[in-house]
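Dumped my_file-v9.txt below, it's compact mmCIF, C-alpha atoms:
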```
# COMPACT_ATOMS: atom_id res chain seq x y z
CA MET A 1 50.48 121.69 32.12
CA ALA A 2 50.26 125.31 33.25
CA ASP A 3 50.92 127.75 30.45
CA ASP A 4 54.36 129.12 31.30
CA SER A 5 55.51 129.41 27.70
CA ARG A 6 57.85 132.16 26.59
CA ASN A 7 55.18 133.58 24.29
CA ARG A 8 52.36 134.00 26.76
CA GLN A 9 50.44 137.13 25.84
CA ARG A 10 49.20 139.32 28.67
CA GLY A 11 48.04 142.93 28.72
CA THR A 12 50.47 145.72 29.49
CA ILE A 13 51.49 145.61 33.13
CA GLY A 14 51.46 149.00 34.81
CA SER A 15 51.78 147.84 38.43
CA TYR A 16 53.40 144.88 40.18
CA ALA A 17 53.57 143.63 43.77
CA ALA A 18 55.89 140.86 44.95
CA ILE A 19 55.04 138.74 47.99
CA GLY A 20 57.12 136.01 49.60
CA ASP A 21 60.17 135.35 51.75
CA SER A 22 63.95 135.96 51.51
CA PHE A 23 64.10 134.81 47.90
CA THR A 24 61.71 137.56 46.80
CA GLU A 25 63.07 140.11 49.25
CA GLY A 26 66.40 139.73 47.46
CA VAL A 27 68.73 138.24 50.07
CA GLY A 28 72.10 137.51 48.44
CA ASP A 29 71.88 140.43 46.02
CA PRO A 30 72.95 143.65 47.78
CA GLY A 31 73.10 146.86 45.75
CA PRO A 32 75.98 149.36 45.85
CA ASP A 33 74.61 150.95 49.05
CA GLY A 34 73.92 147.58 50.68
CA THR A 35 70.16 147.73 50.06
CA LEU A 36 68.86 144.39 48.82
CA LEU A 37 67.83 144.15 45.18
CA GLY A 38 66.89 140.62 44.08
CA TRP A 39 65.04 139.06 41.18
CA ALA A 40 61.74 140.85 41.86
CA ASP A 41 63.36 144.30 41.81
CA ARG A 42 65.21 143.40 38.62
CA PHE A 43 62.03 141.98 37.09
CA ALA A 44 60.20 145.21 37.97
CA VAL A 45 62.75 147.17 35.93
CA ILE A 46 62.09 144.92 32.92
CA LEU A 47 58.35 145.44 33.34
CA ALA A 48 58.84 149.21 33.57
CA ASP A 49 61.00 149.18 30.46
CA GLN A 50 58.11 147.72 28.46
CA LEU A 51 56.38 151.09 28.89
CA LEU A 52 59.29 152.74 27.08
CA VAL A 53 58.06 151.24 23.80
CA PRO A 54 56.33 154.17 22.05
CA ASP A 55 52.62 153.91 21.38
CA ALA A 56 52.11 154.84 17.74
CA ALA A 57 48.70 156.29 18.47
CA ALA A 58 49.39 158.11 21.72
CA GLY A 59 53.02 159.03 21.14
CA PRO A 60 55.85 158.56 23.65
CA ALA A 61 55.16 159.36 27.27
CA ASP A 62 57.16 162.12 28.95
CA ASP A 63 58.10 159.88 31.88
CA PRO A 64 57.33 156.25 31.03
CA HIS A 65 58.85 154.79 34.20
CA GLY A 66 56.77 157.18 36.27
CA ASN A 67 53.68 155.38 35.00
CA PHE A 68 54.87 152.04 36.41
CA ARG A 69 54.46 151.26 40.11
CA TYR A 70 56.06 148.52 42.15
CA ALA A 71 55.77 147.15 45.70
CA ASN A 72 57.85 144.44 47.36
CA LEU A 73 56.12 143.05 50.45
CA ALA A 74 58.42 140.04 50.96
CA VAL A 75 60.21 139.46 54.27
CA ARG A 76 62.92 136.88 54.90
CA GLY A 77 62.11 133.85 57.01
CA ARG A 78 58.35 134.10 56.60
CA LEU A 79 56.30 130.91 56.63
CA LEU A 80 53.30 130.45 54.34
CA ASP A 81 50.69 131.31 56.98
CA GLN A 82 52.59 134.48 57.90
CA ILE A 83 52.73 135.54 54.25
CA VAL A 84 49.00 134.87 53.88
CA GLU A 85 48.22 136.85 57.03
CA GLU A 86 50.61 139.77 56.51
CA GLN A 87 51.20 140.17 52.79
CA VAL A 88 48.23 138.77 50.87
CA PRO A 89 45.73 141.28 52.34
CA ARG A 90 48.08 144.14 51.49
CA ALA A 91 48.52 142.86 47.93
CA LYS A 92 44.72 142.65 47.56
CA GLU A 93 44.40 146.19 48.88
CA LEU A 94 46.97 147.47 46.38
CA ALA A 95 45.22 145.52 43.58
CA PRO A 96 48.11 145.66 41.07
CA ASP A 97 48.02 144.30 37.54
CA LEU A 98 50.47 141.54 38.55
CA VAL A 99 51.37 139.76 41.79
CA SER A 100 54.20 137.26 42.08
CA PHE A 101 53.52 134.72 44.82
CA CYS A 102 56.35 132.58 46.14
CA ALA A 103 55.64 130.91 49.48
CA GLY A 104 55.89 127.60 51.30
CA GLY A 105 59.61 127.00 50.90
CA ASN A 106 60.42 127.74 54.54
CA ASP A 107 57.59 125.43 55.59
CA ILE A 108 58.81 122.57 53.41
CA ILE A 109 62.36 122.59 54.82
CA ARG A 110 61.09 122.31 58.39
CA PRO A 111 61.13 118.78 59.86
CA GLY A 112 57.78 117.03 59.94
CA THR A 113 55.92 119.30 57.55
CA ASP A 114 53.59 117.71 54.99
CA PRO A 115 53.88 119.11 51.44
CA ASP A 116 50.28 118.07 50.73
CA ASP A 117 49.03 120.16 53.65
CA VAL A 118 51.21 123.14 52.72
CA ALA A 119 49.90 122.94 49.15
CA GLU A 120 46.28 123.00 50.32
CA ARG A 121 46.90 126.20 52.26
CA PHE A 122 48.84 127.65 49.33
CA GLU A 123 45.90 126.96 47.01
CA ARG A 124 43.47 128.79 49.28
CA ALA A 125 45.71 131.85 49.12
CA VAL A 126 45.98 131.63 45.33
CA ALA A 127 42.20 131.42 45.02
CA ASP A 128 41.86 134.49 47.23
CA LEU A 129 44.44 136.49 45.27
CA THR A 130 43.08 135.66 41.84
CA ARG A 131 39.73 137.16 42.81
CA SER A 132 41.34 140.52 43.60
CA VAL A 133 44.28 141.18 41.27
CA GLY A 134 44.89 141.06 37.54
CA THR A 135 47.37 138.18 37.20
CA VAL A 136 49.02 135.97 39.82
CA MET A 137 52.36 134.46 38.80
CA ILE A 138 53.34 131.64 41.12
CA THR A 139 56.81 130.22 41.64
CA THR A 140 58.02 126.64 42.02
CA GLY A 141 60.87 125.46 44.21
CA PHE A 142 64.45 124.97 43.06
CA ASP A 143 65.95 121.59 42.34
CA THR A 144 68.13 121.24 45.46
CA ARG A 145 70.32 118.34 44.35
CA GLY A 146 73.37 120.64 44.45
CA VAL A 147 72.53 122.43 47.72
CA PRO A 148 74.34 120.59 50.56
CA VAL A 149 72.03 121.48 53.44
CA LEU A 150 68.85 120.86 51.40
CA ARG A 151 69.85 117.97 49.13
CA HIS A 152 68.10 115.38 51.32
CA LEU A 153 64.80 117.30 50.96
CA ARG A 154 64.75 117.10 47.17
CA GLY A 155 61.84 114.62 47.04
CA LYS A 156 59.74 116.67 49.43
CA ILE A 157 60.40 119.86 47.45
CA ALA A 158 59.58 118.06 44.19
CA THR A 159 56.23 116.94 45.63
CA TYR A 160 55.37 120.50 46.62
CA THR A 161 56.48 121.78 43.21
CA ALA A 162 54.16 119.30 41.49
CA HIS A 163 51.28 120.61 43.61
CA VAL A 164 52.15 124.20 42.73
CA ARG A 165 52.02 123.42 39.02
CA SER A 166 48.64 121.72 39.43
CA ILE A 167 47.31 124.74 41.30
CA ALA A 168 48.54 126.97 38.47
CA ASP A 169 46.54 124.84 36.03
CA ARG A 170 43.36 125.25 38.04
CA TYR A 171 43.62 129.03 38.36
CA ASP A 172 45.22 129.85 35.00
CA CYS A 173 48.35 131.28 36.62
CA PRO A 174 51.64 131.74 34.77
CA VAL A 175 54.42 129.73 36.42
CA LEU A 176 57.95 130.86 37.14
CA ASP A 177 59.43 127.36 37.03
CA LEU A 178 62.71 127.47 38.94
CA TRP A 179 63.07 123.68 38.98
CA SER A 180 63.66 123.65 35.22
CA LEU A 181 66.01 126.67 35.17
CA ARG A 182 69.23 124.75 34.61
CA SER A 183 71.58 127.71 34.96
CA VAL A 184 70.88 128.08 38.67
CA GLN A 185 72.30 124.61 39.25
CA ASP A 186 75.74 126.19 38.91
CA ARG A 187 77.49 127.10 42.18
CA ARG A 188 78.05 130.63 40.87
CA ALA A 189 74.31 131.26 40.89
CA TRP A 190 74.34 131.02 44.70
CA ASP A 191 75.52 133.32 47.45
CA ASN A 192 78.24 132.32 49.91
CA ASP A 193 75.60 131.00 52.34
CA ARG A 194 74.54 128.40 49.70
CA LEU A 195 70.89 129.02 50.60
CA HIS A 196 70.20 132.20 48.64
CA LEU A 197 70.92 133.25 45.08
CA SER A 198 73.83 135.48 44.14
CA ALA A 199 73.33 138.68 42.15
CA GLU A 200 73.84 136.72 38.92
CA GLY A 201 71.39 134.05 40.07
CA HIS A 202 68.75 136.67 40.86
CA THR A 203 69.35 138.27 37.46
CA ARG A 204 68.74 134.98 35.66
CA VAL A 205 65.50 134.42 37.56
CA ALA A 206 64.31 137.94 36.66
CA LEU A 207 64.99 137.26 32.99
CA ARG A 208 63.11 133.97 33.17
CA ALA A 209 60.14 135.68 34.85
CA ALA A 210 59.99 138.15 31.98
CA GLN A 211 60.09 135.31 29.45
CA VAL A 212 57.17 133.63 31.22
CA LEU A 213 55.06 136.71 30.47
CA GLY A 214 56.19 136.81 26.86
CA LEU A 215 58.47 139.84 27.20
CA ASP A 216 61.66 140.33 25.24
CA VAL A 217 64.78 139.99 27.36
CA PRO A 218 68.36 141.14 26.68
CA ALA A 219 69.95 137.78 27.53
CA ASP A 220 69.09 134.10 27.83
CA PRO A 221 68.67 133.17 31.52
CA ASP A 222 69.79 129.62 30.70
CA GLN A 223 72.96 130.77 28.97
CA VAL A 224 75.82 128.41 29.77
CA TRP A 225 78.31 129.68 32.34
CA PRO A 226 81.90 130.23 31.21
CA PRO A 227 84.42 127.44 31.99
CA GLN A 228 85.83 127.44 35.48
CA ALA A 229 89.17 126.18 36.74
CA GLN A 230 89.05 122.82 38.51
CA ARG A 231 89.30 123.13 42.29
CA GLY A 232 91.37 120.80 44.40
CA ALA A 233 89.91 118.60 47.12
CA LEU A 234 91.75 120.51 49.85
CA GLU A 235 90.38 123.85 48.68
CA VAL A 236 86.85 122.45 48.51
CA ARG A 237 87.18 120.99 52.00
CA ARG A 238 88.48 124.28 53.40
CA ASP A 239 85.55 126.17 51.85
CA ASP A 240 83.08 123.65 53.29
CA ILE A 241 84.48 124.10 56.78
CA GLN A 242 84.36 127.88 56.50
CA TRP A 243 80.78 127.72 55.19
CA ALA A 244 79.67 125.46 58.06
CA ARG A 245 81.25 127.76 60.64
CA GLU A 246 79.93 131.00 59.16
CA TYR A 247 76.48 129.98 57.91
CA LEU A 248 75.35 126.46 58.82
CA VAL A 249 75.97 126.60 62.57
CA PRO A 250 74.17 129.97 63.02
CA TRP A 251 71.28 128.71 60.86
CA ILE A 252 70.89 125.60 63.03
CA GLY A 253 71.18 127.74 66.15
CA ARG A 254 68.29 129.96 65.07
CA ARG A 255 66.15 126.88 64.41
CA LEU A 256 66.89 125.48 67.88
CA ARG A 257 66.07 128.81 69.53
CA GLY A 258 62.87 129.25 67.52
CA GLU A 259 64.20 132.44 65.93
CA SER A 260 63.85 133.68 62.38
CA SER A 261 66.17 135.79 60.24
CA GLY A 262 63.11 137.93 59.57
CA ASP A 263 62.41 138.84 63.19
CA HIS A 264 62.09 142.65 63.41
CA VAL A 265 62.40 142.99 59.60
CA GLU A 266 59.73 144.88 57.67
CA ALA A 267 58.85 144.94 53.99
CA LYS A 268 61.32 147.11 52.09
CA ARG A 269 58.72 148.57 49.69
CA PRO A 270 55.22 148.32 51.20
CA ASP A 271 53.53 150.71 48.77
CA LEU A 272 53.10 150.81 45.01
CA LEU A 273 55.64 153.47 44.05
CA PRO A 274 57.30 154.55 40.81
CA LEU A 275 60.77 153.09 40.20
```

Since I need it in another form, could you write the structure as structure tokens?
Amino acid sequence: MADDSRNRQRGTIGSYAAIGDSFTEGVGDPGPDGTLLGWADRFAVILADQLLVPDAAAGPADDPHGNFRYANLAVRGRLLDQIVEEQVPRAKELAPDLVSFCAGGNDIIRPGTDPDDVAERFERAVADLTRSVGTVMITTGFDTRGVPVLRHLRGKIATYTAHVRSIADRYDCPVLDLWSLRSVQDRRAWDNDRLHLSAEGHTRVALRAAQVLGLDVPADPDQVWPPQAQRGALEVRRDDIQWAREYLVPWIGRRLRGESSGDHVEAKRPDLLPL
């Protein structure tokens, strides 16, 4: 199995670039001003905080966070080939200490796609990245048994996830295993659209990513959620109807028109900049 243990020892990370789609862009996790945050932004803060630990030999830095640089190249709706064409070359050019690579999910949910074929193209991109950057952390898919619009694709997503883990083995990549993160099976980990994580869901993924690299985290990402009042069947049905009207129908409409939620959207942080 790929080494994604919570004690994995890596060198100090001074720069990080995130590539991917809406999950990595941070959809579902708007900040106070409406700007998207997301797990990668939150993970970057944890990585920057590691530089706050004083070096006994060198002494504390005047501006530790200023020494850490972060780029987020992810754009919602992007397919694997688009990510490879648009984001991978930029990540190689930036050559950070760490790249997180999450791609293929939008391909897998499209009718008729072959997870074996998607995995082959994913592996070529991983091989390319690992020759140019320090460490490539790759991300599995979620277990979609509790996601209404994606539940029927669970087997297909599981097949792709198995491929991703095998690829991680071959290239010695740490794995952010979202399939095994039980806490995101809770409805509260998901945004109202039921396709993207909520702020709390993104936070838990960020904590898990830090654990994968052996960093100390302030909370357990798999901490059990507090008890929740039982909802009646009528309330559930009313919410389902509202969700279908507000999110499902527009999503289907975009698919039929060949449109993407990422049309005319650019990367929010295309350069390695201090936090």

Residue among A:Ala119, A:Ala229, A:Val133, A:Ala206 lying closest to A:Leu47, counting only C-alpha atoms
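Checking each of A:Ala119, A:Ala229, A:Val133, A:Ala206 against A:Leu47, counting only C-alpha atoms, the winner is A:Ala206.
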
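Reported to one decimal place, the separation of atom CA of A:Val126 from atom CA of A:Leu215 is 23.5 Å.
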
Select, from A:Arg151, A:Arg208, A:Arg145, A:His163, the residue with the minimum atom-to-atom distance to A:Pro115, counting all atoms listed in the file.
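Of all the options, A:His163 lies closest to A:Pro115.
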
Mind giving me the straight-line distance from atom CA of A:Arg131 to atom CA of A:Arg269 in Å, one decimal?
23.2 Å

Which of these, A:Leu98, A:Ala74, A:Ala244, A:Ala103, has the shortest distance to A:Ile19 once you count all atoms listed in the file?
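Of A:Leu98, A:Ala74, A:Ala244, A:Ala103, the one nearest A:Ile19, counting all atoms listed in the file, is A:Ala74.
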
In Å, how far is it from atom CA of A:Pro111 to atom CA of A:Arg124?
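Computing the Euclidean distance for atom CA of A:Pro111 and atom CA of A:Arg124 yields 22.9 Å.
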
I'd like the contact shell of stretch 30-45 of chain A - 8 Å cut-off, all atoms listed in the file, skipping same-chain residues fewer than 5 positions apart - returned as a ChimeraX atom specification.
/A:16,18,23-25,70,72,199,202-207,209-210,275

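You can rank A:Asp169, A:Pro227, A:Gly77, A:Asp107 by their closest distance to A:Arg254 using all atoms listed in the file, and at the top of that list sits A:Gly77.
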
Of the listed residues A:Gly112, A:Gly134, A:Pro218, A:Pro250, that which approaches A:Asp193 most closely, counting all atoms listed in the file
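The closest residue to A:Asp193 is A:Pro250.
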
Option closest in space to A:Asp114, from A:Gly141, A:Tyr160, A:Arg154, A:Leu94 [counting all atoms listed in the file]
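Looking at the shortest contact to A:Asp114, the residue is A:Tyr160.
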
Using the atoms already present, construct N, CA and C atoms for stretch 241-254 of chain A and hand them back as a PDB file, keeping the file's coordinate frame.
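Result file is part13.pdb:
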```pdb
ATOM      1  N   ILE A 241      84.326 123.846  55.340  1.00  0.00           N
ATOM      2  CA  ILE A 241      84.480 124.100  56.780  1.00  0.00           C
ATOM      3  C   ILE A 241      84.154 125.548  57.109  1.00  0.00           C
ATOM      4  N   GLN A 242      84.640 126.467  56.290  1.00  0.00           N
ATOM      5  CA  GLN A 242      84.360 127.880  56.500  1.00  0.00           C
ATOM      6  C   GLN A 242      82.869 128.164  56.380  1.00  0.00           C
ATOM      7  N   TRP A 243      82.217 127.535  55.378  1.00  0.00           N
ATOM      8  CA  TRP A 243      80.780 127.720  55.190  1.00  0.00           C
ATOM      9  C   TRP A 243      80.001 127.213  56.403  1.00  0.00           C
ATOM     10  N   ALA A 244      80.367 126.033  56.901  1.00  0.00           N
ATOM     11  CA  ALA A 244      79.670 125.460  58.060  1.00  0.00           C
ATOM     12  C   ALA A 244      79.811 126.368  59.273  1.00  0.00           C
ATOM     13  N   ARG A 245      81.005 126.909  59.479  1.00  0.00           N
ATOM     14  CA  ARG A 245      81.250 127.760  60.640  1.00  0.00           C
ATOM     15  C   ARG A 245      80.491 129.086  60.527  1.00  0.00           C
ATOM     16  N   GLU A 246      80.486 129.659  59.337  1.00  0.00           N
ATOM     17  CA  GLU A 246      79.930 131.000  59.160  1.00  0.00           C
ATOM     18  C   GLU A 246      78.427 131.011  58.930  1.00  0.00           C
ATOM     19  N   TYR A 247      77.886 129.960  58.297  1.00  0.00           N
ATOM     20  CA  TYR A 247      76.480 129.980  57.910  1.00  0.00           C
ATOM     21  C   TYR A 247      75.646 128.845  58.497  1.00  0.00           C
ATOM     22  N   LEU A 248      76.157 127.597  58.403  1.00  0.00           N
ATOM     23  CA  LEU A 248      75.350 126.460  58.820  1.00  0.00           C
ATOM     24  C   LEU A 248      75.096 126.445  60.318  1.00  0.00           C
ATOM     25  N   VAL A 249      76.130 126.642  61.125  1.00  0.00           N
ATOM     26  CA  VAL A 249      75.970 126.600  62.570  1.00  0.00           C
ATOM     27  C   VAL A 249      75.011 127.691  63.058  1.00  0.00           C
ATOM     28  N   PRO A 250      75.147 128.961  62.606  1.00  0.00           N
ATOM     29  CA  PRO A 250      74.170 129.970  63.020  1.00  0.00           C
ATOM     30  C   PRO A 250      72.749 129.654  62.568  1.00  0.00           C
ATOM     31  N   TRP A 251      72.607 129.065  61.367  1.00  0.00           N
ATOM     32  CA  TRP A 251      71.280 128.710  60.860  1.00  0.00           C
ATOM     33  C   TRP A 251      70.631 127.657  61.753  1.00  0.00           C
ATOM     34  N   ILE A 252      71.408 126.635  62.121  1.00  0.00           N
ATOM     35  CA  ILE A 252      70.890 125.600  63.030  1.00  0.00           C
ATOM     36  C   ILE A 252      70.560 126.199  64.388  1.00  0.00           C
ATOM     37  N   GLY A 253      71.415 127.105  64.853  1.00  0.00           N
ATOM     38  CA  GLY A 253      71.180 127.740  66.150  1.00  0.00           C
ATOM     39  C   GLY A 253      69.865 128.500  66.189  1.00  0.00           C
ATOM     40  N   ARG A 254      69.561 129.230  65.115  1.00  0.00           N
ATOM     41  CA  ARG A 254      68.290 129.960  65.070  1.00  0.00           C
ATOM     42  C   ARG A 254      67.114 129.000  65.109  1.00  0.00           C
TER      43      ARG A 254
END
```
